[in-house]
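Q: Hey, dropping input29.txt in here, compact mmCIF, C-alpha atoms:
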```txt
# COMPACT_ATOMS: atom_id res chain seq x y z
CA MET A 1 3.69 34.21 28.81
CA PRO A 2 6.96 35.66 30.12
CA ARG A 3 8.49 38.00 27.60
CA PHE A 4 11.79 36.10 27.19
CA GLU A 5 10.00 32.90 26.05
CA ARG A 6 8.96 34.60 22.84
CA HIS A 7 12.58 34.74 21.78
CA LEU A 8 13.41 31.10 22.40
CA PRO A 9 14.47 29.30 19.22
CA LYS A 10 11.71 27.12 17.85
CA GLN A 11 12.43 23.39 18.04
CA PRO A 12 12.06 21.62 14.71
CA GLY A 13 8.86 19.65 14.55
CA SER A 14 7.34 21.07 17.68
CA GLY A 15 4.33 21.19 15.40
CA GLU A 16 2.26 23.49 17.56
CA ARG A 17 1.75 25.96 14.72
CA HIS A 18 -0.75 23.47 13.25
CA ARG A 19 -2.98 22.77 16.21
CA PRO A 20 -5.64 20.05 15.92
CA ALA A 21 -8.39 22.66 15.54
CA ARG A 22 -6.64 24.09 12.47
CA ARG A 23 -6.22 20.64 11.02
CA PHE A 24 -9.91 19.93 11.53
CA ALA A 25 -10.66 23.27 9.85
CA LEU A 26 -8.58 22.19 6.86
CA PHE A 27 -10.52 18.93 6.68
CA LEU A 28 -13.84 20.77 7.00
CA PHE A 29 -12.87 23.15 4.19
CA PHE A 30 -12.41 20.25 1.80
CA LEU A 31 -15.55 18.57 3.13
CA LEU A 32 -17.38 21.76 2.17
CA LEU A 33 -15.90 21.63 -1.35
CA PHE A 34 -16.92 17.97 -1.57
CA LEU A 35 -20.51 18.78 -0.55
CA ILE A 36 -20.71 21.71 -2.99
CA GLY A 37 -19.48 19.34 -5.71
CA ILE A 38 -22.26 16.89 -4.83
CA ALA A 39 -24.82 19.70 -4.87
CA LEU A 40 -23.64 20.70 -8.35
CA GLY A 41 -24.14 17.16 -9.60
CA GLU A 42 -20.48 16.38 -10.21
CA PRO A 43 -20.59 12.74 -9.00
CA ALA A 44 -22.81 11.76 -11.94
CA ARG A 45 -20.34 13.36 -14.35
CA VAL A 46 -17.38 11.65 -12.66
CA LEU A 47 -19.19 8.30 -12.77
CA GLU A 48 -20.01 8.77 -16.44
CA GLN A 49 -16.34 9.44 -17.25
CA ALA A 50 -15.01 6.64 -15.08
CA ARG A 51 -17.33 4.05 -16.64
CA SER A 52 -16.00 4.56 -20.15
CA ILE A 53 -12.54 3.88 -21.52
CA CYS A 54 -10.79 7.09 -22.49
CA LEU A 55 -8.45 5.88 -25.23
CA ALA A 56 -6.87 9.30 -25.65
CA CYS A 57 -6.15 9.38 -21.92
CA ILE A 58 -4.16 6.17 -22.03
CA GLY A 59 -2.21 7.10 -25.14
CA ILE A 60 -3.98 4.78 -27.59
CA GLY A 61 -6.46 7.02 -29.36
CA MET B 1 5.59 -2.88 10.76
CA ASP B 2 6.92 -3.31 7.22
CA THR B 3 5.01 -6.59 6.92
CA ILE B 4 1.79 -4.98 8.13
CA ARG B 5 2.30 -2.13 5.69
CA ARG B 6 2.87 -4.56 2.82
CA TRP B 7 -0.41 -6.33 3.66
CA VAL B 8 -2.27 -3.02 3.83
CA GLN B 9 -0.78 -2.00 0.48
CA ALA B 10 -1.87 -5.32 -1.03
CA LEU B 11 -5.35 -4.88 0.45
CA TRP B 12 -5.67 -1.41 -1.11
CA PHE B 13 -4.37 -2.74 -4.41
CA PHE B 14 -7.19 -5.29 -4.51
CA LEU B 15 -9.82 -2.85 -3.22
CA ALA B 16 -8.95 -0.37 -5.97
CA ASN B 17 -8.68 -3.16 -8.56
CA GLY B 18 -11.37 -5.58 -7.47
CA TYR B 19 -13.09 -6.40 -10.76
CA TRP B 20 -11.49 -9.65 -11.85
CA ALA B 21 -14.27 -10.66 -14.24
CA PHE B 22 -12.80 -8.46 -16.97
CA PRO B 23 -11.00 -11.26 -18.85
CA PHE B 24 -14.42 -12.90 -19.37
CA THR B 25 -16.55 -9.82 -19.97
CA GLY B 26 -13.93 -7.97 -22.05
CA THR B 27 -15.02 -4.66 -20.48
CA LEU B 28 -13.99 -2.55 -17.55
CA TYR B 29 -16.00 -2.29 -14.31
CA GLN B 30 -18.99 0.02 -14.74
CA GLY B 31 -20.71 -0.30 -11.36
CA PRO B 32 -21.62 2.38 -8.83
CA LEU B 33 -18.40 2.06 -6.80
CA LYS B 34 -16.69 4.13 -9.47
CA VAL B 35 -18.13 7.21 -7.83
CA LEU B 36 -15.60 6.64 -5.02
CA CYS B 37 -12.12 8.10 -5.13
CA SER B 38 -9.04 5.90 -5.21
CA PRO B 39 -6.68 7.31 -2.55
CA GLY B 40 -3.60 6.37 -4.55
CA LEU B 41 -2.64 6.60 -8.21
CA ASN B 42 -4.76 3.98 -9.99
CA CYS B 43 -6.00 4.46 -13.57
CA TYR B 44 -9.78 4.21 -13.85
CA SER B 45 -9.49 2.93 -17.40
CA CYS B 46 -7.82 -0.16 -15.94
CA PRO B 47 -10.28 -3.00 -16.62
CA ALA B 48 -10.09 -4.14 -12.98
CA ALA B 49 -10.42 -0.64 -11.44
CA THR B 50 -13.38 -0.21 -9.08
CA THR B 51 -12.78 3.45 -8.18
CA PHE B 52 -11.97 6.65 -10.04
CA CYS B 53 -8.49 8.12 -10.24
CA PRO B 54 -8.48 11.59 -8.64
CA LEU B 55 -5.94 12.94 -11.13
CA GLY B 56 -7.76 11.60 -14.18
CA SER B 57 -11.15 12.85 -13.02
CA LEU B 58 -9.83 16.26 -12.01
CA GLN B 59 -8.26 16.75 -15.44
CA GLN B 60 -11.46 15.58 -17.16
CA LEU B 61 -13.51 18.14 -15.25
CA LEU B 62 -10.99 20.94 -15.82
CA LEU B 63 -10.56 20.29 -19.54
CA GLY B 64 -14.31 20.58 -20.08
CA LEU B 65 -14.77 23.53 -17.75
CA ARG B 66 -15.41 26.13 -20.48
CA LEU B 67 -17.98 23.96 -22.21
CA THR B 68 -19.87 23.06 -19.06
CA LEU B 69 -19.98 26.70 -17.93
CA GLN B 70 -21.36 27.69 -21.35
CA THR B 71 -24.11 25.09 -21.01
CA GLY B 72 -25.07 26.34 -17.55
CA GLN B 73 -23.51 23.45 -15.63
CA HIS B 74 -20.96 24.25 -12.99
CA PHE B 75 -18.66 21.25 -12.90
CA LEU B 76 -15.67 22.92 -11.27
CA GLY B 77 -13.98 19.76 -10.02
CA LEU B 78 -14.98 20.48 -6.41
CA TYR B 79 -16.20 16.93 -5.78
CA VAL B 80 -12.82 15.47 -6.79
CA LEU B 81 -10.82 18.23 -5.13
CA GLY B 82 -12.90 17.72 -1.98
CA TRP B 83 -12.09 13.99 -1.97
CA MET B 84 -8.38 14.65 -2.50
CA GLY B 85 -8.31 17.38 0.14
CA MET B 86 -10.15 15.30 2.75
CA LEU B 87 -7.77 12.40 2.18
CA GLY B 88 -4.76 14.73 2.30
CA ALA B 89 -6.00 16.62 5.37
CA THR B 90 -6.52 13.31 7.19
CA PHE B 91 -3.53 11.25 6.13
CA GLY B 92 -1.06 13.47 4.26
CA ARG B 93 1.41 11.33 2.32
CA LEU B 94 0.75 8.32 4.54
CA ILE B 95 -1.49 7.42 1.60
CA CYS B 96 1.57 7.12 -0.64
CA GLY B 97 3.21 4.72 1.78
CA TRP B 98 0.16 2.63 2.64
CA ALA B 99 -2.55 2.84 -0.03
CA CYS B 100 -1.01 3.53 -3.43
CA PRO B 101 -0.94 0.55 -5.85
CA PHE B 102 1.69 2.20 -8.03
CA GLY B 103 3.81 2.91 -4.95
CA LEU B 104 3.62 -0.78 -4.02
CA LEU B 105 4.78 -1.73 -7.51
CA GLN B 106 7.78 0.60 -7.23
CA GLU B 107 8.75 -0.83 -3.85
CA LEU B 108 8.63 -4.36 -5.27
CA LEU B 109 10.72 -3.27 -8.26
CA HIS B 110 13.30 -1.77 -5.91
CA LYS B 111 13.80 -5.21 -4.37
CA ILE B 112 15.34 -6.43 -7.64
CA PRO B 113 19.08 -6.77 -6.99
CA SER B 114 20.95 -3.93 -8.70
CA PRO B 115 23.24 -1.03 -7.84
CA LYS B 116 21.18 1.40 -5.72
CA ARG B 117 21.46 5.16 -6.04
CA SER B 118 20.17 8.27 -4.26
CA LEU B 119 17.93 10.73 -6.05
CA TRP B 120 19.38 14.02 -7.28
CA PRO B 121 17.49 16.45 -4.99
CA ALA B 122 16.55 18.92 -7.75
CA LEU B 123 14.43 16.23 -9.44
CA ARG B 124 11.98 16.40 -6.52
CA TRP B 125 10.59 19.63 -7.96
CA GLY B 126 9.41 17.75 -11.04
CA LYS B 127 6.27 16.49 -9.33
CA TYR B 128 5.15 20.02 -8.41
CA LEU B 129 5.75 21.09 -12.00
CA CYS B 130 3.63 18.13 -13.17
CA LEU B 131 0.83 19.06 -10.77
CA LEU B 132 0.74 22.70 -11.78
CA LEU B 133 1.43 22.37 -15.47
CA PHE B 134 0.13 18.99 -16.63
CA VAL B 135 -2.82 18.55 -14.26
CA ILE B 136 -4.13 22.11 -13.86
CA ILE B 137 -2.79 24.75 -16.26
CA LEU B 138 -2.48 22.90 -19.59
CA PRO B 139 -5.87 21.09 -19.42
CA LEU B 140 -7.50 24.45 -18.59
CA ALA B 141 -5.57 26.70 -20.97
CA VAL B 142 -4.84 24.69 -24.13
CA VAL B 143 -8.19 24.05 -25.82
CA ASP B 144 -9.31 23.09 -29.30
CA SER B 145 -11.80 24.94 -31.50
CA PHE B 146 -14.68 23.41 -29.48
CA GLY B 147 -13.26 24.75 -26.22
CA LEU B 148 -12.16 21.30 -25.04
CA GLY B 149 -8.76 20.71 -23.48
CA ALA B 150 -6.83 17.46 -23.03
CA PRO B 151 -5.85 15.42 -19.95
CA TRP B 152 -2.18 16.26 -20.37
CA PHE B 153 -0.77 14.22 -17.51
CA CYS B 154 -2.76 11.08 -18.37
CA LYS B 155 -2.23 11.47 -22.09
CA TYR B 156 1.48 12.25 -22.21
CA LEU B 157 3.07 11.07 -18.97
CA CYS B 158 1.16 8.77 -16.63
CA PRO B 159 2.99 5.42 -16.52
CA ALA B 160 0.23 3.92 -14.35
CA GLY B 161 -2.23 4.46 -17.21
CA THR B 162 0.06 2.73 -19.70
CA LEU B 163 0.68 -0.21 -17.39
CA GLU B 164 -2.78 -0.66 -15.88
CA ALA B 165 -4.99 0.40 -18.79
CA GLY B 166 -3.11 0.78 -22.09
CA LEU B 167 -1.37 -2.59 -22.17
CA PRO B 168 -4.28 -4.63 -20.70
CA MET B 169 -6.81 -3.04 -23.07
CA LEU B 170 -4.59 -3.85 -26.05
CA ALA B 171 -4.38 -7.44 -24.81
CA LEU B 172 -8.15 -7.66 -24.22
CA ASP B 173 -9.48 -5.96 -27.35
CA PRO B 174 -7.90 -6.99 -30.68
CA SER B 175 -9.73 -4.15 -32.47
CA LEU B 176 -7.57 -1.63 -30.60
CA ARG B 177 -4.26 -3.10 -31.68
CA SER B 178 -4.04 -1.07 -34.87
CA LEU B 179 -4.48 2.23 -33.01
CA PRO B 180 -1.27 2.80 -31.01
CA GLY B 181 1.09 5.26 -32.64
CA ARG B 182 4.00 7.43 -31.62
CA LEU B 183 2.19 8.68 -28.51
CA PHE B 184 1.79 5.18 -27.15
CA LEU B 185 5.42 4.47 -27.99
CA PHE B 186 6.46 7.58 -26.06
CA LYS B 187 4.30 6.61 -23.09
CA SER B 188 5.75 3.11 -23.14
CA LEU B 189 9.21 4.69 -23.06
CA VAL B 190 8.17 6.74 -20.01
CA LEU B 191 7.00 3.52 -18.37
CA VAL B 192 10.32 1.81 -19.12
CA VAL B 193 12.24 4.76 -17.65
CA VAL B 194 10.05 4.72 -14.52
CA VAL B 195 10.44 0.96 -14.09
CA ALA B 196 14.23 1.16 -14.58
CA GLY B 197 14.40 4.20 -12.30
CA SER B 198 12.41 2.42 -9.58
CA ILE B 199 14.79 -0.55 -9.62
CA VAL B 200 17.75 1.74 -8.96
CA ILE B 201 16.12 4.54 -6.89
CA ASN B 202 13.47 3.83 -4.27
CA ARG B 203 10.06 5.32 -5.19
CA PHE B 204 11.55 7.03 -8.26
CA PHE B 205 8.20 8.06 -9.78
CA CYS B 206 6.64 9.16 -6.45
CA ARG B 207 9.58 11.45 -5.77
CA THR B 208 10.06 12.96 -9.21
CA LEU B 209 6.84 12.99 -11.23
CA CYS B 210 3.76 12.02 -9.21
CA PRO B 211 1.35 14.99 -9.00
CA LEU B 212 -0.80 13.16 -6.45
CA GLY B 213 2.19 12.74 -4.16
CA ALA B 214 2.97 16.43 -4.64
CA PHE B 215 -0.59 17.32 -3.64
CA TYR B 216 -0.64 15.07 -0.56
CA GLY B 217 2.83 16.31 0.38
CA LEU B 218 1.41 19.80 0.86
CA PHE B 219 -0.50 18.37 3.85
CA ASN B 220 2.46 16.70 5.58
CA GLY B 221 2.71 18.25 9.03
CA LYS B 222 -0.80 19.69 8.73
CA SER B 223 -2.76 16.43 8.48
CA LEU B 224 -4.83 14.94 11.28
CA ILE B 225 -2.72 11.78 11.29
CA ARG B 226 1.00 12.47 11.07
CA LEU B 227 4.41 11.67 12.42
CA LYS B 228 5.48 13.96 15.22
CA PHE B 229 9.01 14.67 16.31
CA ASN B 230 10.04 15.26 19.91
CA ALA B 231 13.24 17.30 19.89
CA ASP B 232 13.68 16.89 23.65
CA THR B 233 14.31 13.14 23.46
CA CYS B 234 16.23 13.15 20.16
CA THR B 235 19.91 12.32 20.58
CA LYS B 236 20.75 13.19 16.95
CA CYS B 237 22.14 9.66 16.52
CA GLY B 238 21.06 9.68 12.87
CA ALA B 239 19.29 6.30 12.99
CA CYS B 240 16.23 7.84 11.32
CA HIS B 241 18.38 8.95 8.37
CA LEU B 242 19.76 5.47 7.84
CA VAL B 243 16.43 3.66 7.60
CA CYS B 244 14.49 6.24 5.57
CA PRO B 245 13.67 4.89 2.08
CA VAL B 246 13.30 8.39 0.62
CA ASP B 247 16.47 9.89 2.14
CA ILE B 248 14.88 12.28 4.64
CA ARG B 249 16.73 13.50 7.70
CA PHE B 250 13.61 13.27 9.84
CA ASN B 251 15.00 15.03 12.90
CA GLU B 252 15.97 18.01 10.73
CA SER B 253 12.80 18.23 8.64
CA PRO B 254 9.99 16.29 10.36
CA ASP B 255 7.26 17.87 8.21
CA SER B 256 9.05 17.16 4.93
CA ALA B 257 6.73 16.87 1.93
CA GLU B 258 8.88 13.96 0.77
CA CYS B 259 7.96 11.72 3.73
CA ILE B 260 5.67 8.88 2.58
CA GLY B 261 4.80 7.83 6.14
CA CYS B 262 6.25 4.32 6.00
CA LEU B 263 6.99 4.67 9.75
CA ARG B 264 10.39 2.97 9.46
CA CYS B 265 12.07 5.86 11.27
CA MET B 266 9.72 5.32 14.19
CA THR B 267 9.66 1.53 14.33
CA ARG B 268 13.12 0.57 13.05
CA GLY B 269 15.20 3.69 13.57
CA CYS B 270 14.57 5.66 16.71
CA ARG B 271 15.18 3.99 20.09
CA PHE B 272 14.52 7.09 22.11
CA GLN B 273 10.81 7.67 21.51
CA ALA B 274 11.59 10.87 19.66
CA ILE B 275 9.21 9.99 16.83
CA HIS B 276 5.61 8.99 17.30
CA LEU B 277 2.37 8.86 15.40
CA GLU B 278 -0.23 11.45 16.26
CA ALA B 279 -3.93 11.42 15.37
CA ALA B 280 -5.84 14.67 15.84
CA GLY B 281 -3.40 15.76 18.54
CA LEU B 282 -3.44 12.44 20.40
CA ALA B 283 -0.26 10.36 20.53
CA LEU B 284 -0.54 6.82 19.19
CA ASN B 285 2.19 4.55 20.46
CA VAL B 286 2.83 1.96 17.78
CA ALA B 287 6.61 1.91 18.17
CA PRO B 288 8.13 -1.30 19.58
CA PRO B 289 9.58 -1.14 23.09
CA PRO B 290 13.27 -0.20 23.11
CA SER B 291 14.36 -3.80 23.80
CA ASP B 292 12.96 -4.86 20.39
CA SER B 293 14.85 -2.16 18.52
CA PRO B 294 18.27 -2.64 16.97
CA GLU B 295 21.43 -1.46 18.67
CA PRO B 296 21.86 2.31 18.74
CA HIS B 297 23.74 3.81 15.85
CA PRO B 298 26.82 5.94 16.42
CA PRO B 299 26.02 9.67 16.39
CA VAL B 300 26.07 11.25 12.95
CA PRO B 301 28.21 14.39 12.88
```
Using the file provided, produce a representation of the structure as structure tokens.

A:
Amino acid sequence: MPRFERHLPKQPGSGERHRPARRFALFLFFLLLFLIGIALGEPARVLEQARSICLACIGIG
Amino acid sequence: MDTIRRWVQALWFFLANGYWAFPFTGTLYQGPLKVLCSPGLNCYSCPAATTFCPLGSLQQLLLGLRLTLQTGQHFLGLYVLGWMGMLGATFGRLICGWACPFGLLQELLHKIPSPKRSLWPALRWGKYLCLLLFVIILPLAVVDSFGLGAPWFCKYLCPAGTLEAGLPMLALDPSLRSLPGRLFLFKSLVLVVVVAGSIVINRFFCRTLCPLGAFYGLFNGKSLIRLKFNADTCTKCGACHLVCPVDIRFNESPDSAECIGCLRCMTRGCRFQAIHLEAAGLALNVAPPPSDSPEPHPPVP
């Protein structure tokens, strides 16, 4: 890259600082968290909570 | 595009609230679909809800974190955080504009004829405060003698819970009607303020208090599907400012965390192909041809 191009003002929204590979990496990071959560057995806990009415949560209890 | 978006919003509303047998059974849905995450804000104590609310479930896991760690379980909330992150990393706040039932309700409320106002910009920080304080810090830090916290956002603020779960459950179950006290009164007041605010200010709750919107907003500009701005073709005419329902100057801040991805700036504002939808780096051309667009607006100084 010619040296002078480094000093060009950045156009708003050129968006190249978040290349697709980085965006995939972000997605994969959360996919990893999701899979760890499954391995820890969290879905059963979430399902158990979601199946019951939490009166305190909705301001009644 | 607005009509398509309204249909998609309605579809998501019914997908997230698909259990219409509740008036006959008197109970909420308890099937296996509740292991799936609702992309938008939708209370899982709503009798019709078929999915779990990410905010409610995250708080439930965080408030019991100390207890579960003591018992050798490691429920850290990663499953819920993973769901939220995958949705955010894919769609950003497009979810708010296309798949949130409470967002749809606010848009319909804003159609009620009334004087319309802009939001005081400082109020936008409220949703980040709610996310940090009411969803994460307080459920983790304020615990009772058993080591259990409380779902602070759901319990003290969430108007979706009052509307979708509190009021319907009181209507369905007469035995609950003696229970509401000052807390329910306060939450009802919050709901009234949000409803009144939404009539006057577009997406009032999303922009001021919604922690889920705050979370998804962190991904705007970094998500796989997003709006992209082309500065080379922008004429700075200001058409994108005029059509934006959440008062963003898109050409000045294209990655704004406030953008709900309604695509109006692209389909109804810009005539110069300066805004387009991008999926994983590939441009998707869903904007109408220039001949279908309205007349150009005079340049905004």

Q: Report as an MDAnalysis selection string all protein, DNA and RNA residues lying within 10 Å of range 37-41 of chain A, evaluated on only C-alpha atoms, omitting residues in the same chain fewer than 5 positions from it.

A: (chainID A and resid 31:32 46) or (chainID B and resid 73:83)

Q: Name the residues in contact with Gly261 in chain B at a cut-off of 8 Å, using only C-alpha atoms, excluding same-chain residues fewer than 4 positions from it; report them as a compact mmCIF listing (two decimals) with C-alpha atoms, in the coordinates of the input.

A:
```txt
# COMPACT_ATOMS: atom_id res chain seq x y z
CA ARG B 93 1.41 11.33 2.32
CA LEU B 94 0.75 8.32 4.54
CA ILE B 95 -1.49 7.42 1.60
CA CYS B 96 1.57 7.12 -0.64
CA GLY B 97 3.21 4.72 1.78
CA TRP B 98 0.16 2.63 2.64
CA ARG B 226 1.00 12.47 11.07
CA LEU B 227 4.41 11.67 12.42
```

Q: Could you jot down the CA of Ala214 in chain B to CA of Gly64 in chain B separation for me, Å, one decimal place?

A: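 If I compute the distance from CA of Ala214 in chain B to CA of Gly64 in chain B, I get 23.5 Å.
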
Q: For Leu218 in chain B, find every residue with an atom within 12 Å (counting only C-alpha atoms), except residues of its own chain fewer than 3 positions away, and show them as a PDB file with C-alpha atoms, in the coordinates of the input.

A:
```pdb
ATOM      1  CA  LEU A  26      -8.580  22.190   6.860  1.00  0.00           C
TER       2      LEU A  26
ATOM      3  CA  MET B  84      -8.380  14.650  -2.500  1.00  0.00           C
ATOM      4  CA  GLY B  85      -8.310  17.380   0.140  1.00  0.00           C
ATOM      5  CA  LEU B  87      -7.770  12.400   2.180  1.00  0.00           C
ATOM      6  CA  GLY B  88      -4.760  14.730   2.300  1.00  0.00           C
ATOM      7  CA  ALA B  89      -6.000  16.620   5.370  1.00  0.00           C
ATOM      8  CA  PHE B  91      -3.530  11.250   6.130  1.00  0.00           C
ATOM      9  CA  GLY B  92      -1.060  13.470   4.260  1.00  0.00           C
ATOM     10  CA  ARG B  93       1.410  11.330   2.320  1.00  0.00           C
ATOM     11  CA  LYS B 127       6.270  16.490  -9.330  1.00  0.00           C
ATOM     12  CA  TYR B 128       5.150  20.020  -8.410  1.00  0.00           C
ATOM     13  CA  LEU B 131       0.830  19.060 -10.770  1.00  0.00           C
ATOM     14  CA  PRO B 211       1.350  14.990  -9.000  1.00  0.00           C
ATOM     15  CA  LEU B 212      -0.800  13.160  -6.450  1.00  0.00           C
ATOM     16  CA  GLY B 213       2.190  12.740  -4.160  1.00  0.00           C
ATOM     17  CA  ALA B 214       2.970  16.430  -4.640  1.00  0.00           C
ATOM     18  CA  PHE B 215      -0.590  17.320  -3.640  1.00  0.00           C
ATOM     19  CA  GLY B 221       2.710  18.250   9.030  1.00  0.00           C
ATOM     20  CA  LYS B 222      -0.800  19.690   8.730  1.00  0.00           C
ATOM     21  CA  SER B 223      -2.760  16.430   8.480  1.00  0.00           C
ATOM     22  CA  ASP B 255       7.260  17.870   8.210  1.00  0.00           C
ATOM     23  CA  SER B 256       9.050  17.160   4.930  1.00  0.00           C
ATOM     24  CA  ALA B 257       6.730  16.870   1.930  1.00  0.00           C
ATOM     25  CA  GLU B 258       8.880  13.960   0.770  1.00  0.00           C
ATOM     26  CA  CYS B 259       7.960  11.720   3.730  1.00  0.00           C
ATOM     27  CA  ILE B 260       5.670   8.880   2.580  1.00  0.00           C
TER      28      ILE B 260
END
```

Q: So how far away is CA of Tyr216 in chain B from CA of Leu119 in chain B, in Å?

A: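 Between these atoms lies a distance of 19.8 Å.
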
Q: Measure the distance from CA of Thr235 in chain B to CA of Arg19 in chain A in Å and round it to one decimal.

A: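 CA of Arg19 in chain A lies 25.5 Å from CA of Thr235 in chain B.
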
Q: Counting only C-alpha atoms, find residues at most 7 Å from (-10.0, 6.8, -18.1) (file frame) and give them as a VMD selection string.

A: (chain A and resid 49 to 50 52 to 54 57) or (chain B and resid 43 to 45 56)

Q: Counting only C-alpha atoms, collect the residues of chain A whose closest atom lies at most 6 Å from chain B, and write them out as a list in words.

A: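 So the residues of chain A near chain B are Gly13, His18, Pro20, Arg23, Phe27, Phe30, Leu31, Leu33, Phe34, Gly37, Glu42, Leu47, Ala50, Arg51, Ile53, Cys57, Ile58, Gly59 and Ile60 of chain A.
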
Q: Quick one: axis-aligned box around all listed atoms of range 144-154 of chain B, 8 Å on every side, centre and edge lengths in Å to one decimal, written as JSON.

A:
```
{"center_x": -7.7, "center_y": 18.0, "center_z": -24.5, "size_x": 29.9, "size_y": 29.9, "size_z": 30.0}
```
